[in-house]
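*Asks:* structure-v2.txt is reproduced below (compact mmCIF, C-alpha atoms and all ligand atoms).
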# COMPACT_ATOMS: atom_id res chain seq x y z
CA MET T 725 2.02 -76.46 -10.38
CA GLY T 726 0.26 -74.07 -12.77
CA HIS T 727 -2.82 -72.14 -11.69
CA THR T 728 -6.18 -72.56 -13.31
CA VAL T 729 -7.48 -69.43 -15.01
CA LYS T 730 -11.01 -68.48 -14.01
CA GLY T 731 -13.27 -67.02 -16.71
CA LEU T 732 -15.36 -64.10 -15.48
CA ALA T 733 -18.48 -62.34 -16.73
CA ILE T 734 -18.67 -58.95 -14.99
CA LEU T 735 -22.16 -57.46 -15.08
CA GLY T 736 -21.92 -53.75 -14.23
CA SER T 737 -18.21 -53.48 -15.01
CA THR T 738 -18.14 -49.67 -15.15
CA GLY T 739 -19.52 -49.09 -11.64
CA SER T 740 -17.89 -48.97 -8.23
CA ILE T 741 -17.82 -52.75 -7.67
CA GLY T 742 -17.18 -53.52 -11.35
CA THR T 743 -14.06 -51.32 -11.58
CA GLN T 744 -12.72 -52.68 -8.29
CA THR T 745 -13.27 -56.23 -9.51
CA LEU T 746 -11.26 -55.38 -12.61
CA ASP T 747 -8.55 -53.96 -10.39
CA ILE T 748 -8.21 -57.40 -8.77
CA VAL T 749 -8.04 -58.97 -12.24
CA ARG T 750 -5.38 -56.41 -13.20
CA THR T 751 -3.36 -57.36 -10.10
CA PHE T 752 -3.57 -61.09 -10.87
CA PRO T 753 -3.58 -61.25 -14.68
CA ASP T 754 -2.57 -64.91 -14.85
CA ARG T 755 -5.45 -66.04 -12.60
CA PHE T 756 -8.47 -64.57 -14.35
CA ARG T 757 -9.72 -64.09 -17.84
CA VAL T 758 -12.36 -61.46 -18.53
CA VAL T 759 -14.77 -63.22 -20.87
CA GLY T 760 -17.58 -60.67 -20.78
CA LEU T 761 -18.24 -57.10 -19.66
CA ALA T 762 -21.64 -55.44 -19.32
CA ALA T 763 -22.67 -51.84 -18.72
CA ARG T 764 -25.53 -49.51 -19.52
CA LYS T 765 -24.44 -45.90 -20.13
CA SER T 766 -20.75 -45.33 -19.40
CA PHE T 767 -19.43 -45.96 -22.89
CA ASP T 768 -15.98 -44.37 -22.51
CA VAL T 769 -15.17 -46.38 -19.40
CA LEU T 770 -16.45 -49.57 -21.02
CA GLU T 771 -14.45 -48.93 -24.17
CA SER T 772 -11.22 -48.47 -22.24
CA GLN T 773 -11.98 -51.65 -20.25
CA VAL T 774 -12.51 -53.52 -23.52
CA ARG T 775 -9.18 -52.23 -24.84
CA GLU T 776 -7.40 -53.31 -21.67
CA PHE T 777 -9.04 -56.67 -20.94
CA ARG T 778 -10.04 -57.79 -24.46
CA PRO T 779 -13.24 -59.68 -23.55
CA LYS T 780 -14.87 -61.75 -26.25
CA LEU T 781 -18.39 -60.70 -25.18
CA VAL T 782 -19.91 -57.34 -24.35
CA SER T 783 -23.37 -56.11 -23.42
CA TYR T 784 -24.11 -52.41 -23.70
CA GLU T 785 -27.50 -50.76 -23.61
CA GLY T 786 -26.48 -47.46 -25.17
CA GLY T 787 -27.31 -47.91 -28.87
CA HIS T 788 -26.11 -49.33 -32.19
CA ALA T 789 -23.24 -46.96 -32.96
CA HIS T 790 -21.56 -47.80 -29.70
CA THR T 791 -22.19 -51.52 -30.06
CA ALA T 792 -20.60 -51.36 -33.52
CA ALA T 793 -17.56 -49.58 -32.10
CA LEU T 794 -17.18 -52.31 -29.49
CA ARG T 795 -17.53 -54.96 -32.21
CA ASP T 796 -14.69 -53.27 -34.06
CA LEU T 797 -12.59 -53.89 -30.97
CA GLY T 798 -13.17 -57.59 -31.42
CA CYS T 799 -16.08 -58.37 -29.10
CA ARG T 800 -19.46 -59.81 -29.83
CA ALA T 801 -22.57 -58.15 -28.42
CA CYS T 802 -24.86 -60.43 -26.42
CA SER T 803 -27.47 -60.47 -23.68
CA LEU T 804 -26.52 -60.80 -20.01
CA ASP T 805 -28.01 -64.32 -20.00
CA ASP T 806 -25.95 -65.42 -23.00
CA MET T 807 -22.87 -63.91 -21.43
CA VAL T 808 -23.10 -65.91 -18.20
CA LEU T 809 -23.90 -69.08 -20.20
CA ASP T 810 -20.76 -68.83 -22.31
CA PRO T 811 -18.72 -72.02 -21.77
CA ASP T 812 -15.60 -69.96 -20.94
CA VAL T 813 -17.37 -68.30 -18.00
CA GLN T 814 -16.89 -70.07 -14.66
CA MET T 815 -18.05 -67.23 -12.45
CA ALA T 816 -20.54 -64.39 -12.93
CA VAL T 817 -19.95 -61.21 -10.93
CA THR T 818 -23.21 -59.31 -10.41
CA ALA T 819 -22.25 -55.67 -9.91
CA THR T 820 -25.28 -53.97 -11.45
CA VAL T 821 -27.76 -51.90 -9.43
CA GLY T 822 -31.47 -52.72 -9.11
CA ASP T 823 -33.12 -55.89 -10.34
CA VAL T 824 -31.39 -56.38 -13.71
CA ALA T 825 -29.05 -59.06 -12.31
CA LEU T 826 -31.81 -61.34 -11.02
CA GLY T 827 -32.46 -63.05 -14.38
CA PRO T 828 -28.78 -63.68 -15.24
CA THR T 829 -28.12 -64.86 -11.67
CA ILE T 830 -30.83 -67.49 -12.06
CA THR T 831 -29.48 -68.44 -15.50
CA ALA T 832 -25.94 -68.84 -14.13
CA LEU T 833 -27.03 -70.91 -11.12
CA LYS T 834 -29.18 -73.19 -13.28
CA ALA T 835 -26.10 -73.83 -15.42
CA GLY T 836 -24.19 -74.76 -12.26
CA LYS T 837 -21.97 -71.67 -12.38
CA ASP T 838 -20.82 -69.75 -9.31
CA VAL T 839 -22.14 -66.24 -8.78
CA ALA T 840 -20.11 -63.63 -6.90
CA LEU T 841 -22.96 -61.54 -5.68
CA ALA T 842 -22.56 -57.82 -5.06
CA ASN T 843 -26.07 -56.98 -6.21
CA LYS T 844 -28.01 -57.33 -2.99
CA GLU T 845 -31.33 -56.38 -4.57
CA SER T 846 -31.55 -59.79 -6.28
CA ILE T 847 -31.03 -61.72 -3.06
CA VAL T 848 -33.47 -59.43 -1.22
CA MET T 849 -36.12 -59.99 -3.89
CA ALA T 850 -35.66 -63.74 -4.26
CA GLY T 851 -33.39 -64.94 -1.45
CA GLU T 852 -35.14 -68.19 -0.67
CA TYR T 853 -35.54 -69.04 -4.34
CA LEU T 854 -31.88 -68.30 -5.21
CA THR T 855 -30.38 -70.21 -2.29
CA LYS T 856 -32.52 -73.28 -3.07
CA LEU T 857 -31.60 -73.03 -6.74
CA ALA T 858 -27.88 -72.85 -5.94
CA ARG T 859 -28.14 -75.97 -3.76
CA LYS T 860 -30.10 -77.84 -6.43
CA HIS T 861 -27.56 -77.11 -9.16
CA ASN T 862 -24.48 -77.46 -6.99
CA ALA T 863 -23.49 -73.84 -7.65
CA THR T 864 -22.24 -71.38 -5.06
CA LEU T 865 -23.43 -67.88 -4.23
CA LEU T 866 -20.35 -66.03 -3.00
CA PRO T 867 -21.13 -62.76 -1.22
CA LEU T 868 -18.98 -59.81 -2.32
CA ASP T 869 -20.73 -57.36 -0.06
CA SER T 870 -18.39 -56.64 2.88
CA GLU T 871 -20.79 -57.58 5.68
CA PRO T 872 -22.00 -60.98 4.44
CA ASN T 873 -18.46 -61.59 3.18
CA ALA T 874 -17.22 -61.00 6.76
CA ILE T 875 -19.82 -63.41 8.16
CA TRP T 876 -18.81 -65.98 5.57
CA GLN T 877 -15.14 -65.62 6.57
CA CYS T 878 -16.00 -65.95 10.29
CA MET T 879 -18.02 -69.11 9.63
CA ARG T 880 -15.29 -70.93 7.80
CA GLY T 881 -14.23 -74.00 9.72
CA GLU T 882 -17.23 -73.77 12.07
CA ASP T 883 -20.39 -75.80 12.15
CA ARG T 884 -23.53 -73.81 11.45
CA LYS T 885 -24.67 -73.49 15.07
CA ILE T 886 -24.85 -69.72 15.17
CA ASP T 887 -26.34 -67.93 18.14
CA ARG T 888 -26.18 -64.44 16.67
CA LEU T 889 -25.04 -62.46 13.65
CA ILE T 890 -24.01 -58.91 14.48
CA ILE T 891 -23.99 -56.82 11.33
CA THR T 892 -22.14 -53.52 11.61
CA ALA T 893 -23.32 -50.27 10.05
CA SER T 894 -21.32 -47.08 9.68
CA GLY T 895 -24.52 -45.08 10.14
CA GLY T 896 -24.06 -43.48 6.73
CA ALA T 897 -23.50 -39.92 5.62
CA MET T 898 -26.19 -38.38 7.82
CA ARG T 899 -25.37 -40.10 11.11
CA HIS T 900 -24.90 -36.86 13.02
CA ALA T 901 -27.58 -34.79 11.29
CA SER T 902 -30.52 -33.42 13.27
CA LEU T 903 -34.05 -34.15 12.06
CA GLU T 904 -34.22 -30.53 10.79
CA GLU T 905 -31.05 -31.05 8.76
CA LEU T 906 -32.40 -34.33 7.40
CA ALA T 907 -35.51 -32.50 6.18
CA THR T 908 -33.46 -30.20 3.96
CA VAL T 909 -30.37 -32.25 3.10
CA THR T 910 -29.28 -32.08 -0.56
CA PRO T 911 -28.34 -35.14 -2.63
CA GLU T 912 -24.73 -33.83 -2.83
CA ARG T 913 -24.45 -33.82 0.94
CA ALA T 914 -26.14 -37.22 1.41
CA LEU T 915 -23.77 -38.72 -1.17
CA LYS T 916 -20.72 -37.98 1.02
CA HIS T 917 -20.28 -41.31 2.77
CA PRO T 918 -17.77 -41.12 5.64
CA THR T 919 -15.96 -44.44 5.08
CA TRP T 920 -16.92 -46.02 1.74
CA LYS T 921 -16.83 -44.73 -1.83
CA MET T 922 -19.71 -46.43 -3.60
CA GLY T 923 -22.30 -45.94 -6.33
CA PRO T 924 -25.04 -43.32 -5.70
CA LYS T 925 -27.96 -45.70 -5.01
CA ILE T 926 -26.20 -47.69 -2.27
CA THR T 927 -24.74 -44.50 -0.75
CA ILE T 928 -28.24 -43.09 -0.23
CA ASP T 929 -29.45 -46.51 0.98
CA SER T 930 -26.61 -46.36 3.51
CA ALA T 931 -27.76 -42.95 4.76
CA THR T 932 -31.33 -44.22 5.30
CA LEU T 933 -30.06 -47.62 6.53
CA MET T 934 -32.27 -49.29 3.91
CA ASN T 935 -28.98 -50.83 2.81
CA LYS T 936 -28.51 -52.37 6.27
CA ALA T 937 -32.01 -53.85 6.19
CA PHE T 938 -31.14 -55.33 2.79
CA GLU T 939 -28.03 -56.87 4.35
CA VAL T 940 -30.07 -58.42 7.18
CA ILE T 941 -32.38 -59.96 4.56
CA GLU T 942 -29.35 -61.05 2.52
CA ALA T 943 -27.74 -62.70 5.59
CA ARG T 944 -31.03 -64.37 6.54
CA TRP T 945 -31.05 -66.27 3.24
CA LEU T 946 -27.34 -66.72 2.55
CA PHE T 947 -26.58 -68.16 5.99
CA ASP T 948 -29.99 -69.63 6.85
CA VAL T 949 -30.14 -67.79 10.18
CA PRO T 950 -33.54 -66.91 11.70
CA TRP T 951 -34.47 -63.21 11.77
CA GLU T 952 -34.40 -62.93 15.55
CA ARG T 953 -30.74 -63.96 15.61
CA ILE T 954 -29.60 -61.07 13.43
CA GLU T 955 -28.70 -57.73 15.02
CA VAL T 956 -27.42 -54.44 13.67
CA VAL T 957 -25.00 -52.21 15.58
CA ILE T 958 -23.58 -48.83 14.58
CA HIS T 959 -19.80 -48.99 14.18
CA PRO T 960 -18.65 -45.68 12.68
CA GLN T 961 -15.06 -46.74 11.82
CA SER T 962 -16.12 -49.52 9.37
CA ILE T 963 -13.18 -51.72 10.45
CA ILE T 964 -15.17 -54.65 11.84
CA HIS T 965 -17.32 -55.71 8.92
CA SER T 966 -19.53 -58.06 10.95
CA MET T 967 -19.40 -60.58 13.78
CA VAL T 968 -20.68 -64.08 14.46
CA GLU T 969 -21.49 -65.41 17.92
CA PHE T 970 -21.38 -69.16 18.38
CA GLU T 971 -23.13 -71.49 20.83
CA ASP T 972 -20.42 -71.20 23.49
CA GLY T 973 -20.56 -67.39 23.49
CA SER T 974 -17.36 -66.94 21.52
CA VAL T 975 -17.57 -64.13 18.97
CA LYS T 976 -15.52 -63.98 15.76
CA ALA T 977 -15.14 -60.73 13.85
CA GLN T 978 -13.55 -59.91 10.52
CA LEU T 979 -11.47 -56.73 10.46
CA SER T 980 -9.78 -54.77 7.69
CA PRO T 981 -9.52 -51.18 6.48
CA PRO T 982 -12.63 -50.30 4.45
CA ASP T 983 -11.72 -51.34 0.90
CA MET T 984 -14.13 -53.44 -1.16
CA ARG T 985 -11.26 -55.01 -3.06
CA LEU T 986 -10.56 -57.33 -0.12
CA PRO T 987 -14.00 -59.01 -0.03
CA ILE T 988 -14.05 -59.04 -3.84
CA GLN T 989 -10.66 -60.76 -3.92
CA TYR T 990 -11.75 -63.23 -1.23
CA ALA T 991 -14.78 -64.27 -3.28
CA LEU T 992 -12.87 -64.44 -6.58
CA PHE T 993 -10.12 -66.63 -5.12
CA TYR T 994 -12.26 -68.65 -2.70
CA PRO T 995 -11.26 -70.97 -1.04
CA LYS T 996 -7.69 -69.59 -1.29
CA ARG T 997 -6.28 -66.48 0.35
CA VAL T 998 -3.64 -64.59 -1.62
CA ARG T 999 -1.31 -61.70 -0.89
CA ASN T 1000 -2.18 -58.37 -2.51
CA THR T 1001 0.37 -55.67 -1.75
CA LYS T 1002 -1.96 -52.97 -3.09
CA LEU T 1003 -4.31 -53.38 -0.14
CA GLN T 1004 -3.66 -51.36 2.97
CA ARG T 1005 -3.07 -53.45 6.12
CA PHE T 1006 -4.86 -53.00 9.42
CA ASP T 1007 -2.83 -51.04 11.97
CA PRO T 1008 -4.47 -51.37 15.41
CA VAL T 1009 -2.59 -48.51 17.05
CA LYS T 1010 -3.09 -46.08 14.19
CA THR T 1011 -6.74 -47.07 13.96
CA GLY T 1012 -7.29 -46.39 17.65
CA ALA T 1013 -10.67 -46.94 19.24
CA LEU T 1014 -13.27 -49.15 17.68
CA THR T 1015 -16.64 -47.98 18.96
CA PHE T 1016 -20.20 -49.28 18.87
CA GLU T 1017 -23.53 -47.60 19.38
CA ARG T 1018 -27.06 -48.84 19.55
CA MET T 1019 -28.93 -48.08 16.38
CA GLN T 1020 -31.69 -45.54 17.01
CA PRO T 1021 -34.64 -46.89 15.02
CA GLU T 1022 -36.50 -43.55 15.12
CA ARG T 1023 -33.74 -42.02 13.00
CA TYR T 1024 -34.05 -44.70 10.35
CA PRO T 1025 -37.70 -45.28 9.34
CA CYS T 1026 -36.61 -47.00 6.10
CA PHE T 1027 -34.77 -49.63 8.13
CA GLU T 1028 -37.77 -50.31 10.33
CA LEU T 1029 -40.26 -50.69 7.52
CA ALA T 1030 -37.86 -52.78 5.43
CA MET T 1031 -37.38 -55.18 8.35
CA GLU T 1032 -41.11 -55.48 8.91
CA TYR T 1033 -41.94 -56.21 5.26
CA GLY T 1034 -38.73 -58.14 4.50
CA ARG T 1035 -39.68 -60.72 7.14
CA ARG T 1036 -43.11 -61.23 5.63
CA GLY T 1037 -41.66 -62.78 2.48
CA GLY T 1038 -43.86 -63.24 -0.58
CA THR T 1039 -43.58 -60.31 -2.98
CA TRP T 1040 -43.12 -57.76 -0.16
CA PRO T 1041 -39.29 -57.65 -0.40
CA ALA T 1042 -39.56 -57.10 -4.17
CA VAL T 1043 -41.94 -54.20 -3.58
CA LEU T 1044 -39.47 -52.84 -1.08
CA CYS T 1045 -36.68 -52.93 -3.69
CA GLY T 1046 -38.74 -51.40 -6.49
CA ALA T 1047 -40.20 -48.69 -4.26
CA ASP T 1048 -36.81 -47.87 -2.77
CA GLU T 1049 -35.16 -47.61 -6.18
CA ALA T 1050 -37.77 -45.10 -7.37
CA ALA T 1051 -37.65 -43.16 -4.08
CA VAL T 1052 -33.84 -42.88 -4.17
CA SER T 1053 -33.95 -41.84 -7.80
CA ALA T 1054 -36.56 -39.15 -6.96
CA PHE T 1055 -34.40 -37.90 -4.09
CA LEU T 1056 -31.26 -37.80 -6.27
CA GLY T 1057 -33.25 -36.00 -8.97
CA GLY T 1058 -34.39 -33.32 -6.51
CA ARG T 1059 -38.07 -34.38 -6.74
CA LEU T 1060 -38.36 -35.71 -3.19
CA GLY T 1061 -36.84 -34.74 0.16
CA PHE T 1062 -34.67 -37.09 2.20
CA LEU T 1063 -37.44 -37.59 4.76
CA GLY T 1064 -39.98 -38.08 1.97
CA MET T 1065 -38.49 -41.43 0.94
CA ALA T 1066 -39.83 -43.62 3.78
CA PRO T 1067 -43.46 -42.40 3.48
CA VAL T 1068 -43.71 -43.08 -0.28
CA ILE T 1069 -42.12 -46.52 0.12
CA MET T 1070 -44.62 -47.19 2.91
CA LYS T 1071 -47.53 -46.12 0.70
CA ALA T 1072 -46.46 -48.55 -2.02
CA LEU T 1073 -46.14 -51.37 0.53
CA GLU T 1074 -49.59 -50.61 1.97
CA ALA T 1075 -51.19 -50.67 -1.46
CA HIS T 1076 -49.60 -54.01 -2.44
CA LYS T 1077 -51.29 -57.40 -2.39
CA SER T 1078 -48.53 -59.91 -1.84
CA VAL T 1079 -48.24 -63.25 -3.63
CA ALA T 1080 -47.01 -66.18 -1.51
CA ASP T 1081 -44.04 -68.22 -2.86
CA PRO T 1082 -43.64 -65.99 -5.91
CA THR T 1083 -41.84 -66.99 -9.07
CA PRO T 1084 -38.94 -64.67 -9.99
CA GLU T 1085 -41.18 -63.18 -12.71
CA GLN T 1086 -43.82 -62.33 -10.10
CA SER T 1087 -41.15 -60.71 -7.92
CA LEU T 1088 -39.85 -58.68 -10.86
CA GLN T 1089 -43.40 -57.60 -11.71
CA ALA T 1090 -44.02 -56.57 -8.11
CA ALA T 1091 -40.82 -54.49 -8.09
CA LYS T 1092 -41.80 -52.80 -11.36
CA TRP T 1093 -45.28 -52.09 -10.04
CA ALA T 1094 -43.83 -50.56 -6.86
CA SER T 1095 -41.34 -48.43 -8.75
CA GLU T 1096 -44.11 -47.04 -10.96
CA ARG T 1097 -46.36 -46.49 -7.96
CA VAL T 1098 -43.70 -44.45 -6.15
CA THR T 1099 -42.88 -42.48 -9.29
CA SER T 1100 -46.53 -41.51 -9.71
CA LEU T 1101 -46.91 -40.73 -6.00
CA VAL T 1102 -43.94 -38.37 -6.21
CA ALA T 1103 -45.27 -36.72 -9.37
N1 LIG T 1201 -20.19 -50.00 -4.17
C1 LIG T 1201 -20.02 -50.76 -3.13
O1 LIG T 1201 -19.08 -50.60 -2.37
C2 LIG T 1201 -21.00 -51.88 -2.86
C3 LIG T 1201 -20.84 -52.66 -1.70
C4 LIG T 1201 -21.68 -53.73 -1.49
C5 LIG T 1201 -22.69 -54.03 -2.38
N2 LIG T 1201 -22.86 -53.25 -3.48
C6 LIG T 1201 -23.96 -53.57 -4.42
O2 LIG T 1201 -23.39 -53.80 -5.70
C7 LIG T 1201 -24.26 -53.34 -6.73
C8 LIG T 1201 -23.52 -52.31 -7.58
O3 LIG T 1201 -23.23 -51.19 -6.78
P1 LIG T 1201 -22.24 -50.04 -7.25
O4 LIG T 1201 -22.07 -49.16 -6.08
O5 LIG T 1201 -21.06 -50.65 -7.90
O6 LIG T 1201 -23.16 -49.31 -8.35
P2 LIG T 1201 -22.71 -48.27 -9.49
O7 LIG T 1201 -21.41 -47.69 -9.19
O8 LIG T 1201 -23.88 -47.37 -9.68
O9 LIG T 1201 -22.56 -49.22 -10.77
C9 LIG T 1201 -23.64 -49.89 -11.35
C10 LIG T 1201 -23.18 -50.64 -12.56
O10 LIG T 1201 -24.28 -51.34 -13.14
C11 LIG T 1201 -24.31 -51.03 -14.54
N3 LIG T 1201 -25.68 -51.21 -15.03
C12 LIG T 1201 -26.81 -50.63 -14.58
N4 LIG T 1201 -27.86 -51.09 -15.28
C13 LIG T 1201 -27.38 -51.99 -16.17
C14 LIG T 1201 -27.96 -52.79 -17.17
N5 LIG T 1201 -29.26 -52.76 -17.41
N6 LIG T 1201 -27.16 -53.61 -17.90
C15 LIG T 1201 -25.84 -53.66 -17.67
N7 LIG T 1201 -25.21 -52.90 -16.75
C16 LIG T 1201 -25.99 -52.08 -16.01
C17 LIG T 1201 -23.80 -49.62 -14.63
O11 LIG T 1201 -23.42 -49.29 -15.94
P3 LIG T 1201 -23.26 -47.72 -16.38
O12 LIG T 1201 -22.21 -47.12 -15.53
O13 LIG T 1201 -22.82 -47.85 -17.78
O14 LIG T 1201 -24.62 -47.10 -16.18
C18 LIG T 1201 -22.63 -49.74 -13.66
O15 LIG T 1201 -21.57 -50.42 -14.31
C19 LIG T 1201 -25.49 -52.78 -6.02
O16 LIG T 1201 -26.50 -53.74 -5.98
C20 LIG T 1201 -24.99 -52.47 -4.62
O17 LIG T 1201 -26.00 -52.56 -3.64
C21 LIG T 1201 -22.03 -52.20 -3.73
Could you render the structure as structure tokens?
*Replies:*
Amino acid sequence: MGHTVKGLAILGSTGSIGTQTLDIVRTFPDRFRVVGLAARKSFDVLESQVREFRPKLVSYEGGHAHTAALRDLGCRACSLDDMVLDPDVQMAVTATVGDVALGPTITALKAGKDVALANKESIVMAGEYLTKLARKHNATLLPLDSEPNAIWQCMRGEDRKIDRLIITASGGAMRHASLEELATVTPERALKHPTWKMGPKITIDSATLMNKAFEVIEARWLFDVPWERIEVVIHPQSIIHSMVEFEDGSVKAQLSPPDMRLPIQYALFYPKRVRNTKLQRFDPVKTGALTFERMQPERYPCFELAMEYGRRGGTWPAVLCGADEAAVSAFLGGRLGFLGMAPVIMKALEAHKSVADPTPEQSLQAAKWASERVTSLVA
């Protein structure tokens, strides 16, 4: 029996998740068709992707000359919303950073299309809204992120009676640093993640554990699990990507060497599993000990404040995202120290007046406000 070919729109195709998604497509050329690619600045990478995958649609923010060059290669320029709405697209992959994917995610879900969601900021900002929308339109949100993807894999075949989600965290690039070192750490050093190679924003969010708080919020909405049933544990080897404890005390874990292509492939092929010889297999003996440590909250103020405000709902999580984006950008630009990020995010949160049950527009506005607030605080 022949396979169906799935049409993909890849938003953020030139980044870490985008290029790894295309690697899966490259490995299984008869299973996927790249209908659209979107990027913002990396023209050369985008151009070579267009030459290789021949999409019919492209979205590029970098100016007319470049758009014309891409048109010459046979693709039509369009907005992210028009791209996900194209009738040939069955699945949108959101691999952009920040809040740009929220609008197209909503557009795709409203059209009943599945969304493979790497962009955690959109689910943090509008988790309740997006999950309700997906249910209403019979569309599926498929988590690409390794931790929620692991939870999703563990829950397959189970009923939803979950006693506990245990989300693992590597502890990030600065896990062993003293507070003095943290005060003076450079962006170059903080960008050296021990187990994952990712884009700059999420790598810094991993060092502050803001990323882990985002994953708790993401899991809260994706799996409809109450906050008090979600725990975070430090697991430096990044082999167990998360665990689920069921009513009877049995715990399921998902294990694999740290390589985002596995969760990406799982989401793209869901509900099927397929063999991919490019992916390294888990070797228990070679891997050796798998260890766990309690997370020390005092080392991770961003985590603590994100959990406090994430739980409050309203526009607080959007403020968290906007403020964090500006704080990370200031740190990467050398305008703010590593330990300066949590206090400016806190100041934005304290100055915010939250709106209950916000529309996505109100959440986007709140994020923009927070980003501007942090930028002016830093200046
Ligand atoms: N990397 C990982 O392993 C990982 C794991 C789990 C979850 N995630 C999540 O996945 C998302 C992407 O992360 P990443 O590490 O792949 O980031 P990244 O490497 O920085 O890539 C970001 C991508 O988004 C594109 N982009 C940014 N703004 C855009 C816009 N306005 N329109 C179209 N494209 C735009 C960038 O294009 P240009 O390159 O042209 O600027 C780039 O292709 C984040 O939300 C992150 O939290 C990542």
*Asks:* Find the residue from T:Ile954, T:Val1098, T:Ile741, T:Val769 that sits nearest to Arg1059 of chain T; use only C-alpha atoms when measuring.
*Replies:*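 Smallest separation from Arg1059 of chain T among the options: T:Val1098.
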*Asks:* Around ligand LIG 1201 (chain T), at most 6 Å away and counting all atoms listed in the file, which residues are there? Put them as an NGL selection string, please.
*Replies:* :T and (735-742 or 762-766 or 819-822 or 824 or 842-845 or 869 or 922-924 or 926 or 984)
*Asks:* Counting all atoms listed in the file, which residue out of T:Ile928, T:Leu915, T:Leu992, T:Ile941 sits closest to Phe756 of chain T?
*Replies:*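 Nearest candidate to Phe756 of chain T out of T:Ile928, T:Leu915, T:Leu992, T:Ile941: T:Leu992.
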*Asks:* Ranking T:Glu1096, T:Asp796, T:Glu871, T:Asp1007 by minimum distance to Glu939 of chain T and counting all atoms listed in the file, which one comes first?
*Replies:* T:Glu871
*Asks:* With distances taken over all atoms listed in the file, which of T:Trp1093, T:Tyr1033, T:Asn1000, T:Asp983 is nearest to Arg750 of chain T?
*Replies:*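 Going through T:Trp1093, T:Tyr1033, T:Asn1000, T:Asp983 one by one, the smallest distance to Arg750 of chain T is for T:Asn1000.
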*Asks:* With only C-alpha atoms as the basis for distance, which of T:Lys916, T:Glu882, T:Trp951, T:Ala832 is at the shortest distance from Val975 of chain T?
*Replies:* T:Glu882
*Asks:* So how many Å separate atom CA of Leu1088 of chain T and atom CA of Gly787 of chain T, to one decimal?
*Replies:*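 Computing it gives 24.4 Å between the two atoms.
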*Asks:* Any idea what's packed within 12 Å of Pro828 of chain T, counting only C-alpha atoms, ignoring anything in its chain fewer than 2 positions away? Could you give it as a ChimeraX atom specification?
*Replies:* /T:733-735,762,803-810,815-820,823-826,830-835,837-839,841,843,846,854,1084
*Asks:* Between T:Val957, T:Leu868, T:Ala1051, T:Leu946, which is the closest to Thr1015 of chain T once you count only C-alpha atoms?
*Replies:* T:Val957
*Asks:* Atom CA of Lys730 of chain T and atom CA of Gln814 of chain T are how many Å apart?
*Replies:*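 Rounded to one decimal, the two atoms are 6.1 Å apart.
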*Asks:* Just write segment 1070-1086 of chain T with C-alpha atoms, as a PDB file, in the first residue's frame, taken from the block above.
*Replies:*
ATOM      1  CA  MET T1070      10.301  40.749  37.969  1.00  0.00           C
ATOM      2  CA  LYS T1071      10.000  44.527  37.618  1.00  0.00           C
ATOM      3  CA  ALA T1072       7.950  44.152  34.437  1.00  0.00           C
ATOM      4  CA  LEU T1073       5.685  41.590  36.137  1.00  0.00           C
ATOM      5  CA  GLU T1074       5.191  43.856  39.159  1.00  0.00           C
ATOM      6  CA  ALA T1075       4.237  46.803  36.975  1.00  0.00           C
ATOM      7  CA  HIS T1076       1.692  44.814  34.934  1.00  0.00           C
ATOM      8  CA  LYS T1077      -2.069  44.870  35.376  1.00  0.00           C
ATOM      9  CA  SER T1078      -3.293  41.502  34.181  1.00  0.00           C
ATOM     10  CA  VAL T1079      -6.397  40.932  32.076  1.00  0.00           C
ATOM     11  CA  ALA T1080      -8.456  37.832  32.934  1.00  0.00           C
ATOM     12  CA  ASP T1081      -9.316  35.425  30.067  1.00  0.00           C
ATOM     13  CA  PRO T1082      -7.360  37.456  27.518  1.00  0.00           C
ATOM     14  CA  THR T1083      -7.861  37.251  23.778  1.00  0.00           C
ATOM     15  CA  PRO T1084      -4.694  36.284  21.857  1.00  0.00           C
ATOM     16  CA  GLU T1085      -4.393  39.946  20.799  1.00  0.00           C
ATOM     17  CA  GLN T1086      -4.396  41.032  24.445  1.00  0.00           C
TER      18      GLN T1086
END
